[in-house]
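protein-v9.cif (mmCIF, C-alpha atoms and all ligand atoms) appears below.
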```
data_start
loop_
_atom_site.label_atom_id
_atom_site.label_comp_id
_atom_site.auth_asym_id
_atom_site.auth_seq_id
_atom_site.Cartn_x
_atom_site.Cartn_y
_atom_site.Cartn_z
CA MET A 1 0.00 0.00 0.00
CA LYS A 2 1.30 3.43 -0.88
CA ILE A 3 1.59 5.62 2.17
CA PHE A 4 0.26 9.14 1.87
CA ASP A 5 3.20 11.53 1.89
CA PRO A 6 2.16 15.12 2.70
CA TYR A 7 5.52 16.42 1.52
CA GLU A 8 4.90 15.25 -2.04
CA LEU A 9 2.28 17.96 -2.22
CA THR A 10 4.38 20.74 -0.76
CA HIS A 11 7.72 19.78 -2.33
CA ARG A 12 9.35 20.85 0.90
CA ALA A 13 11.51 18.60 3.00
CA PRO A 14 10.06 17.69 6.39
CA ASN A 15 11.69 19.10 9.50
CA HIS A 16 13.80 16.94 11.80
CA PHE A 17 11.67 14.55 13.90
CA SER A 18 8.83 14.99 11.38
CA PHE A 19 7.19 12.62 8.91
CA GLY A 20 9.40 9.66 8.00
CA GLY A 21 7.03 7.60 5.86
CA LEU A 22 5.29 5.83 8.74
CA ASP A 23 1.72 4.69 8.08
CA ARG A 24 0.00 5.28 11.41
CA ASP A 25 -2.51 2.58 10.46
CA VAL A 26 -5.47 4.07 12.28
CA ILE A 27 -7.76 1.31 11.00
CA SER A 28 -5.83 -1.44 12.83
CA ARG A 29 -6.04 0.51 16.10
CA GLU A 30 -9.79 -0.04 16.04
CA GLU A 31 -9.35 -3.82 16.32
CA SER A 32 -9.70 -5.00 19.92
CA ASN A 33 -6.78 -7.41 19.44
CA CYS A 34 -4.59 -4.80 17.76
CA LEU A 35 -1.64 -5.18 20.14
CA ASP A 36 -1.80 -9.00 20.07
CA PHE A 37 -1.68 -8.94 16.31
CA VAL A 38 1.33 -6.58 16.30
CA LEU A 39 3.16 -8.74 18.85
CA GLU A 40 2.60 -11.88 16.79
CA ARG A 41 4.35 -10.43 13.76
CA PRO A 42 8.04 -11.46 13.68
CA GLU A 43 8.90 -8.27 11.80
CA THR A 44 7.66 -6.05 14.63
CA ARG A 45 10.23 -3.74 16.16
CA ILE A 46 9.96 -2.88 19.83
CA VAL A 47 10.78 0.74 20.71
CA PRO A 48 11.63 0.91 24.42
CA VAL A 49 11.20 4.19 26.30
CA TRP A 50 12.58 4.54 29.82
CA ARG A 51 11.70 7.69 31.76
CA SER A 52 11.47 9.73 28.54
CA LEU A 53 14.80 8.44 27.24
CA ASN A 54 15.18 6.49 23.97
CA LEU A 55 17.51 3.58 23.26
CA PHE A 56 20.51 4.05 20.93
CA SER A 57 23.35 1.85 19.88
CA GLY A 58 26.60 3.77 19.76
CA ALA A 59 25.16 6.51 21.96
CA LEU A 60 27.66 8.48 23.99
CA GLU A 61 30.58 6.46 22.61
CA THR A 62 33.29 8.56 21.03
CA GLY A 63 33.75 8.04 17.33
CA LYS A 64 30.42 6.26 16.87
CA THR A 65 27.27 7.68 15.34
CA PRO A 66 24.22 6.91 17.46
CA VAL A 67 21.60 4.73 15.79
CA PRO A 68 18.10 4.04 17.16
CA ALA A 69 18.08 0.58 18.74
CA TYR A 70 15.02 -1.63 18.34
CA LEU A 71 14.35 -5.10 19.75
CA SER A 72 12.47 -8.00 18.21
CA THR A 73 9.36 -9.20 20.03
CA GLU A 74 11.29 -12.29 21.08
CA GLU A 75 14.16 -10.28 22.49
CA ALA A 76 11.74 -8.02 24.34
CA THR A 77 9.49 -10.75 25.78
CA ASP A 78 10.35 -9.99 29.42
CA LEU A 79 10.22 -6.23 28.89
CA ILE A 80 6.78 -6.42 27.27
CA LYS A 81 5.48 -8.25 30.34
CA ILE A 82 6.52 -5.46 32.70
CA ALA A 83 5.70 -2.57 30.33
CA LYS A 84 3.28 -0.15 31.90
CA ASN A 85 2.01 0.97 28.52
CA GLN A 86 2.25 -0.27 24.95
CA VAL A 87 1.48 1.81 21.89
CA TYR A 88 1.19 0.61 18.31
CA LEU A 89 2.92 3.41 16.38
CA GLY A 90 2.22 2.16 12.87
CA LYS A 91 3.87 0.31 10.03
CA GLN A 92 6.48 1.09 7.44
CA ASN A 93 7.92 -0.56 4.36
CA VAL A 94 11.64 -1.03 5.03
CA ALA A 95 13.59 -2.77 2.23
CA ASN A 96 10.39 -4.48 1.00
CA THR A 97 9.50 -5.73 4.46
CA LEU A 98 6.49 -4.36 6.30
CA ILE A 99 7.74 -3.39 9.75
CA SER A 100 5.39 -2.60 12.61
CA TYR A 101 6.60 -0.48 15.52
CA LEU A 102 5.46 -0.95 19.10
CA ALA A 103 6.55 1.53 21.77
CA ILE A 104 6.74 0.16 25.32
CA ASP A 105 7.16 2.09 28.56
CA ILE A 106 9.64 0.33 30.85
CA SER A 107 10.03 3.22 33.29
CA SER A 108 9.13 0.96 36.22
CA LEU A 109 12.63 -0.54 36.02
CA GLU A 110 15.25 0.97 38.31
CA GLU A 111 18.10 2.70 36.52
CA ASP A 112 20.64 -0.09 36.91
CA GLU A 113 18.05 -2.70 35.84
CA ALA A 114 17.17 -0.75 32.72
CA THR A 115 20.83 -0.18 31.92
CA ASN A 116 21.82 -3.81 32.40
CA LYS A 117 18.83 -5.41 30.67
CA LEU A 118 19.18 -3.25 27.58
CA ALA A 119 22.98 -3.22 27.46
CA PRO A 120 23.16 -5.82 24.64
CA TRP A 121 21.26 -3.43 22.36
CA GLY A 122 22.42 -0.01 23.47
CA LYS A 123 22.13 2.80 25.99
CA PHE A 124 19.34 5.15 26.93
CA ALA A 125 19.88 8.78 26.04
CA ASP A 126 17.91 11.98 25.64
CA LEU A 127 16.59 12.42 22.09
CA ARG A 128 16.75 16.16 22.58
CA GLU A 129 20.53 15.85 22.89
CA ILE A 130 21.13 12.95 20.49
CA GLY A 131 18.58 14.04 17.87
CA PRO A 132 20.91 16.25 15.81
CA LEU A 133 23.32 13.32 15.42
CA ILE A 134 20.77 11.00 13.82
CA GLY A 135 18.66 11.27 10.69
CA GLY A 136 15.39 13.15 10.87
CA ILE A 137 13.43 10.14 9.63
CA GLU A 138 14.90 7.83 12.26
CA GLY A 139 14.32 10.53 14.83
CA SER A 140 10.66 10.82 13.89
CA ILE A 141 9.78 7.35 15.22
CA LEU A 142 11.67 7.94 18.47
CA ALA A 143 10.05 11.35 18.90
CA TYR A 144 6.62 9.83 18.33
CA ALA A 145 7.34 7.04 20.85
CA ARG A 146 8.67 9.44 23.46
CA GLY A 147 5.76 11.84 23.05
CA ILE A 148 2.93 9.35 23.31
CA ILE A 149 4.51 7.37 26.14
CA PHE A 150 4.87 10.65 28.05
CA TRP A 151 1.17 11.34 27.50
CA HIS A 152 0.27 7.93 28.98
CA SER A 153 2.49 8.60 31.99
CA ARG A 154 0.50 11.76 32.78
CA ASN A 155 -2.99 10.36 32.19
CA GLY A 156 -3.23 7.27 34.34
CA TYR A 157 -6.10 8.88 36.20
CA CYS A 158 -9.22 10.54 34.85
CA GLY A 159 -8.99 14.33 34.88
CA VAL A 160 -12.76 14.50 35.42
CA CYS A 161 -13.42 12.07 38.30
CA GLY A 162 -9.95 10.94 39.41
CA LYS A 163 -10.48 7.20 38.81
CA VAL A 164 -8.05 4.94 37.01
CA THR A 165 -7.98 5.03 33.21
CA ILE A 166 -7.02 2.15 30.91
CA ALA A 167 -5.39 2.28 27.49
CA THR A 168 -7.43 1.29 24.43
CA LYS A 169 -7.24 1.65 20.62
CA GLY A 170 -3.73 0.27 20.39
CA GLY A 171 -2.57 2.79 22.99
CA HIS A 172 -4.10 5.86 21.33
CA GLN A 173 -6.88 6.45 23.82
CA ARG A 174 -7.47 6.08 27.56
CA ASN A 175 -10.89 5.31 28.99
CA CYS A 176 -12.03 6.19 32.50
CA THR A 177 -13.03 3.01 34.36
CA LYS A 178 -15.70 4.61 36.55
CA LYS A 179 -19.25 3.81 35.57
CA GLY A 180 -21.18 7.00 35.08
CA CYS A 181 -18.06 8.86 34.01
CA ALA A 182 -16.49 6.72 31.26
CA CYS A 183 -14.69 9.79 29.97
CA LEU A 184 -12.48 9.21 26.93
CA HIS A 185 -9.01 10.79 26.93
CA PHE A 186 -6.97 11.38 23.79
CA PRO A 187 -3.27 12.16 23.30
CA ARG A 188 -2.64 15.90 23.45
CA THR A 189 -0.15 18.12 21.69
CA ASP A 190 0.48 21.70 22.76
CA PRO A 191 0.68 24.03 19.74
CA ALA A 192 3.45 26.59 19.95
CA VAL A 193 4.13 29.32 17.41
CA ILE A 194 7.67 30.27 16.41
CA MET A 195 8.19 33.23 14.11
CA LEU A 196 10.78 35.13 12.16
CA VAL A 197 9.82 38.82 12.16
CA LYS A 198 11.28 40.68 9.19
CA ASP A 199 11.94 44.35 8.53
CA GLY A 200 13.60 44.74 5.15
CA ASP A 201 17.21 43.57 5.45
CA ARG A 202 16.99 42.74 9.13
CA VAL A 203 15.13 40.34 11.39
CA LEU A 204 14.14 40.29 15.03
CA LEU A 205 15.88 37.81 17.34
CA GLY A 206 15.83 37.53 21.10
CA ARG A 207 17.30 35.56 23.94
CA GLN A 208 16.16 34.32 27.34
CA LYS A 209 18.35 34.72 30.38
CA ILE A 210 18.58 30.96 30.95
CA TRP A 211 19.93 30.24 27.45
CA PRO A 212 23.63 29.64 26.79
CA ALA A 213 25.55 32.92 26.50
CA GLY A 214 25.47 34.31 22.97
CA LEU A 215 22.47 32.30 21.69
CA TYR A 216 19.88 34.36 19.80
CA SER A 217 16.74 32.84 18.33
CA THR A 218 13.36 33.67 16.83
CA LEU A 219 10.54 34.59 19.20
CA ALA A 220 8.12 31.85 20.24
CA GLY A 221 5.23 31.09 22.55
CA PHE A 222 2.28 28.81 23.24
CA VAL A 223 -1.12 29.19 21.61
CA GLU A 224 -3.79 29.98 24.20
CA PRO A 225 -7.34 28.58 24.34
CA GLY A 226 -9.74 30.45 22.08
CA GLU A 227 -6.93 31.86 19.97
CA THR A 228 -5.95 31.31 16.33
CA ILE A 229 -2.34 30.52 15.56
CA GLU A 230 -2.00 33.82 13.64
CA HIS A 231 -3.31 35.74 16.63
CA ALA A 232 -0.84 33.89 18.85
CA VAL A 233 2.03 35.04 16.61
CA ALA A 234 0.94 38.68 16.78
CA ARG A 235 0.30 38.56 20.53
CA GLU A 236 3.59 36.87 21.42
CA VAL A 237 5.67 39.25 19.30
CA TYR A 238 3.98 42.24 20.91
CA GLU A 239 4.25 40.83 24.45
CA GLU A 240 7.89 39.84 24.12
CA ALA A 241 9.27 42.65 21.95
CA GLY A 242 6.61 45.37 21.62
CA ILE A 243 6.53 44.99 17.83
CA ILE A 244 3.27 45.01 15.83
CA VAL A 245 3.29 42.61 12.88
CA LYS A 246 1.29 41.94 9.69
CA ASP A 247 1.41 39.44 6.79
CA ILE A 248 1.69 36.51 9.19
CA THR A 249 2.45 33.53 6.95
CA TYR A 250 2.64 29.87 7.94
CA GLN A 251 5.79 28.08 6.78
CA HIS A 252 6.18 24.57 8.25
CA SER A 253 5.85 22.59 11.46
CA GLN A 254 7.76 20.17 13.65
CA PRO A 255 6.77 17.78 16.42
CA TRP A 256 8.74 18.73 19.51
CA PRO A 257 7.97 16.08 22.14
CA PHE A 258 10.06 17.66 24.89
CA PRO A 259 7.66 16.93 26.37
CA SER A 260 4.58 17.57 24.20
CA SER A 261 4.75 20.49 21.77
CA LEU A 262 4.05 21.01 18.10
CA MET A 263 6.14 23.87 16.73
CA LEU A 264 4.37 25.94 14.06
CA GLY A 265 6.79 28.07 12.05
CA PHE A 266 5.78 31.48 10.65
CA THR A 267 7.21 34.56 9.03
CA ALA A 268 5.76 38.02 9.66
CA GLU A 269 6.47 41.60 8.58
CA ALA A 270 7.10 44.28 11.19
CA CYS A 271 4.79 47.33 11.19
CA THR A 272 6.72 49.05 13.99
CA LYS A 273 10.45 49.19 14.77
CA LYS A 274 10.94 50.18 18.39
CA ILE A 275 11.65 47.20 20.64
CA ASN A 276 10.07 47.08 24.07
CA LEU A 277 10.44 43.96 26.26
CA ASN A 278 6.87 44.18 27.56
CA ASP A 279 6.55 40.94 29.53
CA ALA A 280 10.23 40.55 30.52
CA GLU A 281 10.27 36.98 29.15
CA LEU A 282 13.28 37.94 27.04
CA GLU A 283 16.55 39.22 28.44
CA ASP A 284 17.30 40.90 25.14
CA ALA A 285 15.83 41.38 21.67
CA LYS A 286 17.51 43.06 18.72
CA TRP A 287 17.22 43.70 15.01
CA PHE A 288 20.03 41.94 13.16
CA THR A 289 20.99 42.62 9.55
CA ARG A 290 21.93 39.82 7.19
CA SER A 291 25.61 40.76 7.27
CA GLU A 292 25.63 40.88 11.07
CA MET A 293 24.17 37.39 11.24
CA LEU A 294 26.63 36.00 8.72
CA ASN A 295 29.37 37.18 11.08
CA PHE A 296 27.76 36.05 14.31
CA GLU A 297 30.81 34.08 15.43
CA GLU A 298 32.99 37.18 15.42
CA GLN A 299 30.49 38.79 17.80
CA GLU A 300 30.52 35.68 20.02
CA LYS A 301 26.89 35.05 19.13
CA PHE A 302 25.35 31.92 17.65
CA LEU A 303 22.08 30.66 16.20
CA PRO A 304 19.86 27.72 17.26
CA ARG A 305 20.74 24.16 16.25
CA LYS A 306 20.25 23.11 12.64
CA VAL A 307 17.46 20.67 13.50
CA SER A 308 15.15 23.37 14.84
CA VAL A 309 12.29 25.19 13.12
CA SER A 310 13.83 28.42 14.33
CA ARG A 311 17.09 27.79 12.50
CA ARG A 312 15.29 26.73 9.33
CA LEU A 313 13.27 29.95 9.32
CA ILE A 314 16.48 31.94 9.80
CA ASP A 315 18.48 30.02 7.19
CA ASP A 316 15.69 30.25 4.61
CA TRP A 317 15.76 34.03 5.04
CA LEU A 318 19.55 34.26 5.12
CA TYR A 319 20.33 32.11 2.11
CA LYS A 320 17.21 31.78 -0.06
CA ASN A 321 15.95 35.36 -0.36
ZN ZN B 1 -13.67 9.60 35.01
#
```

Would you mind giving the structure from this file in C-alpha cells?
Amino acid sequence: MKIFDPYELTHRAPNHFSFGGLDRDVISREESNCLDFVLERPETRIVPVWRSLNLFSGALETGKTPVPAYLSTEEATDLIKIAKNQVYLGKQNVANTLISYLAIDISSLEEDEATNKLAPWGKFADLREIGPLIGGIEGSILAYARGIIFWHSRNGYCGVCGKVTIATKGGHQRNCTKKGCACLHFPRTDPAVIMLVKDGDRVLLGRQKIWPAGLYSTLAGFVEPGETIEHAVAREVYEEAGIIVKDITYQHSQPWPFPSSLMLGFTAEACTKKINLNDAELEDAKWFTRSEMLNFEEQEKFLPRKVSVSRRLIDDWLYKN
C-alpha cells in the first residue's frame, strides 16, 4: 500500500523529527486485538522508552554515530510483560518488508536494571541531545514514541473524576473506568508558534536569560485557548518585543515532544520598529541585519541548532531570499 506523503504535495523537505514515511494505520487501532496482532508479527520492532529516554546503539561512545536501537518481540518478551504501557505506532515498508513499531514504557525498572537489561542493544539517552546526530526520519519514530509514552504517563487517572484510566485503541486512547463517568481521553499536543519577524534587510531575534551565553533565536510562545495561531504570533511578538506585525504567513511545522509540543513556524512583517520587552520573558531582543548574522561568530553570538524550526526559518531568510 502506498503511504500518503504530505511532503509530495508541498515539495518541501520535512523538518527533523517529522514525517518519516510511517503509516500510522489508524484502522488497525480499532481492532480490539490490535496489540496482540502486532506482537505476533516477527517483523515487529519494539521501541523501548525509559523515563522519557530512547535507546541508541553507539550513543555516547566517542567516534560512533548513534543509531536508534530496536528489539524484536522475542528479544523483548520480558520487557513487554513489565511494560506499563504499549502503543502501536504504525507500520512502514523497510527494504520491502512491512515493519510494525510498538513503543513500550519500561520506566518501572530501576536505573541499573534498565541499563543492564538493555545493554546488549544499546544505551538510553535523551533524544533532545542525540537528535541532531541521527537522521530526521529515524528521529521521527523515536520522537513519536517518546511523546505518546509521556502522554500515557501523565494520564493514568481521569482528569474529570480521578479514577483509574485504561489504554485502548492500540494505545491511542485512555478510557475512565468509573461507571457513570467513562470519559475518553486522547493524546494531546500543545501548539506553539515560532516566528521570524522581518523588517527589510533585518530580522528580530531575542534571547532568554537561561539560554547559553550568545544564543539568539526567533521569538516563540504557546497558543492559548480560544486563539488562532496567527493571533498567537501577533500577541507573542507584541508581548515579548513590543513589535506590531502583519502578513503573518505559515511556513512549516515540527513535532517537539520535549515533552509535548508542536512547533508551528511562521514569518511576519514588522509594522513598527521600536523594541520594548513588555513581559520581561526575554533578556534581550535586537534587530540583526543579514551581514551581522553572517558574522555572528565574530560577535561571540550563535544561532539555534540546525534541527530546529527556528534555524530553518532563519536560514531560509539568510540564504534563499
Ligand atoms: Zn472519570

Self-check item: Nearest residue to Met195 in chain A from the set A:Cys271, A:Ile229, A:Cys183, A:Val38 (distances using only C-alpha atoms)
Solution: A:Ile229

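Remark: for ligand ZN 1 (chain B), the closest of the candidate residues A:Lys123, A:Arg312, A:Lys306, A:Lys179 is A:Lys179 (distances computed over all atoms listed in the file).
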
If you take only C-alpha atoms and all ligand atoms and a cut-off of 8 Å, which residues of chain A touch ligand ZN 1 (chain B), and what are their nearest atom pairs and distances in Å to one decimal, in chain and number order, as a Markdown table?
```
| residue | atom | partner | partner_atom | distance |
| --- | --- | --- | --- | --- |
| A:Tyr157 | CA | B:ZN1 | ZN | 7.7 |
| A:Cys158 | CA | B:ZN1 | ZN | 4.6 |
| A:Gly159 | CA | B:ZN1 | ZN | 6.7 |
| A:Val160 | CA | B:ZN1 | ZN | 5.0 |
| A:Cys161 | CA | B:ZN1 | ZN | 4.1 |
| A:Gly162 | CA | B:ZN1 | ZN | 5.9 |
| A:Lys163 | CA | B:ZN1 | ZN | 5.5 |
| A:Val164 | CA | B:ZN1 | ZN | 7.6 |
| A:Thr165 | CA | B:ZN1 | ZN | 7.5 |
| A:Asn175 | CA | B:ZN1 | ZN | 7.9 |
| A:Cys176 | CA | B:ZN1 | ZN | 4.5 |
| A:Thr177 | CA | B:ZN1 | ZN | 6.7 |
| A:Lys178 | CA | B:ZN1 | ZN | 5.6 |
| A:Gly180 | CA | B:ZN1 | ZN | 7.9 |
| A:Cys181 | CA | B:ZN1 | ZN | 4.6 |
| A:Ala182 | CA | B:ZN1 | ZN | 5.5 |
| A:Cys183 | CA | B:ZN1 | ZN | 5.1 |
```

Take the residues just selected and output them with C-alpha atoms as a PDB file, keeping the file's coordinate frame.
```
ATOM      1  CA  TYR A 157      -6.100   8.880  36.200  1.00  0.00           C
ATOM      2  CA  CYS A 158      -9.220  10.540  34.850  1.00  0.00           C
ATOM      3  CA  GLY A 159      -8.990  14.330  34.880  1.00  0.00           C
ATOM      4  CA  VAL A 160     -12.760  14.500  35.420  1.00  0.00           C
ATOM      5  CA  CYS A 161     -13.420  12.070  38.300  1.00  0.00           C
ATOM      6  CA  GLY A 162      -9.950  10.940  39.410  1.00  0.00           C
ATOM      7  CA  LYS A 163     -10.480   7.200  38.810  1.00  0.00           C
ATOM      8  CA  VAL A 164      -8.050   4.940  37.010  1.00  0.00           C
ATOM      9  CA  THR A 165      -7.980   5.030  33.210  1.00  0.00           C
ATOM     10  CA  ASN A 175     -10.890   5.310  28.990  1.00  0.00           C
ATOM     11  CA  CYS A 176     -12.030   6.190  32.500  1.00  0.00           C
ATOM     12  CA  THR A 177     -13.030   3.010  34.360  1.00  0.00           C
ATOM     13  CA  LYS A 178     -15.700   4.610  36.550  1.00  0.00           C
ATOM     14  CA  GLY A 180     -21.180   7.000  35.080  1.00  0.00           C
ATOM     15  CA  CYS A 181     -18.060   8.860  34.010  1.00  0.00           C
ATOM     16  CA  ALA A 182     -16.490   6.720  31.260  1.00  0.00           C
ATOM     17  CA  CYS A 183     -14.690   9.790  29.970  1.00  0.00           C
TER      18      CYS A 183
END
```

Would you mind listing, for every residue of range 64-136 of chain A within 9 Å of range 17-20 of chain A, the two atoms forming the shortest contact and the distance between them in Å to one decimal, using all atoms listed in the file, sorted by chain and ascending residue number, as a tab-separated table?
```
residue	atom	partner	partner_atom	distance
A:Gly131	CA	A:Phe17	CA	8.0
A:Gly135	CA	A:Phe17	CA	8.4
A:Gly136	CA	A:Phe17	CA	5.0
```

Practice problem: Excluding Pro191 in chain A and residues on its chain fewer than 6 positions from it, collect all residues at most 7 Å away from it, counting only C-alpha atoms, and give them as a list in words. | Solution: Phe222, Val223, Ser261, Leu262 and Met263 of chain A

Output C-alpha atoms of each residue in that selection to a file, as a compact mmCIF listing (two decimals), in the frame of the given file.
```txt
# COMPACT_ATOMS: atom_id res chain seq x y z
CA PHE A 222 2.28 28.81 23.24
CA VAL A 223 -1.12 29.19 21.61
CA SER A 261 4.75 20.49 21.77
CA LEU A 262 4.05 21.01 18.10
CA MET A 263 6.14 23.87 16.73
```

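When only C-alpha atoms are used to measure the gap to Arg24 in chain A, the shortest distance among A:Pro120, A:Gly139, A:Gly170, A:Gly156 belongs to A:Gly170.
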
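Distances from A:Ala125, A:Thr168, A:Gln86, A:Ser140 to Glu61 in chain A were compared using only C-alpha atoms, and the smallest one belongs to A:Ala125.
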
Exercise. Considering all atoms listed in the file, return as a ChimeraX atom specification whatever protein or nucleic-acid residues lie within 12 Å of Lys198 in chain A, sequence-local ones (same chain, fewer than 4 positions apart) excluded.
Key: /A:202-205,218-219,237,243-249,266-273,286-290,313-314,317-318,321

Exercise. Give me, please, the distance in Å between CA of Ser28 in chain A and CA of Thr44 in chain A, quoted to one decimal.
Key: 14.4 Å

Residues within 9 Å of Leu35 in chain A, all atoms listed in the file, excluding chain neighbours under 5 positions, as a PDB file with C-alpha atoms, keeping the file's coordinate frame:
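Output below, filename out00.pdb:
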```
ATOM      1  CA  ARG A  29      -6.040   0.510  16.100  1.00  0.00           C
ATOM      2  CA  GLU A  40       2.600 -11.880  16.790  1.00  0.00           C
ATOM      3  CA  GLN A  86       2.250  -0.270  24.950  1.00  0.00           C
ATOM      4  CA  VAL A  87       1.480   1.810  21.890  1.00  0.00           C
ATOM      5  CA  TYR A  88       1.190   0.610  18.310  1.00  0.00           C
ATOM      6  CA  LEU A 102       5.460  -0.950  19.100  1.00  0.00           C
ATOM      7  CA  LYS A 169      -7.240   1.650  20.620  1.00  0.00           C
ATOM      8  CA  GLY A 170      -3.730   0.270  20.390  1.00  0.00           C
ATOM      9  CA  GLY A 171      -2.570   2.790  22.990  1.00  0.00           C
TER      10      GLY A 171
END
```

Quiz prompt | Pairwise distance for CA of Glu43 in chain A and CA of Lys91 in chain A, rounded to one decimal in Å | solution = 10.1 Å

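With distances restricted to all atoms listed in the file, A:Asp201 is the closest residue to Glu292 in chain A from A:Asp201, A:Asp25, A:Asp190, A:Glu138.
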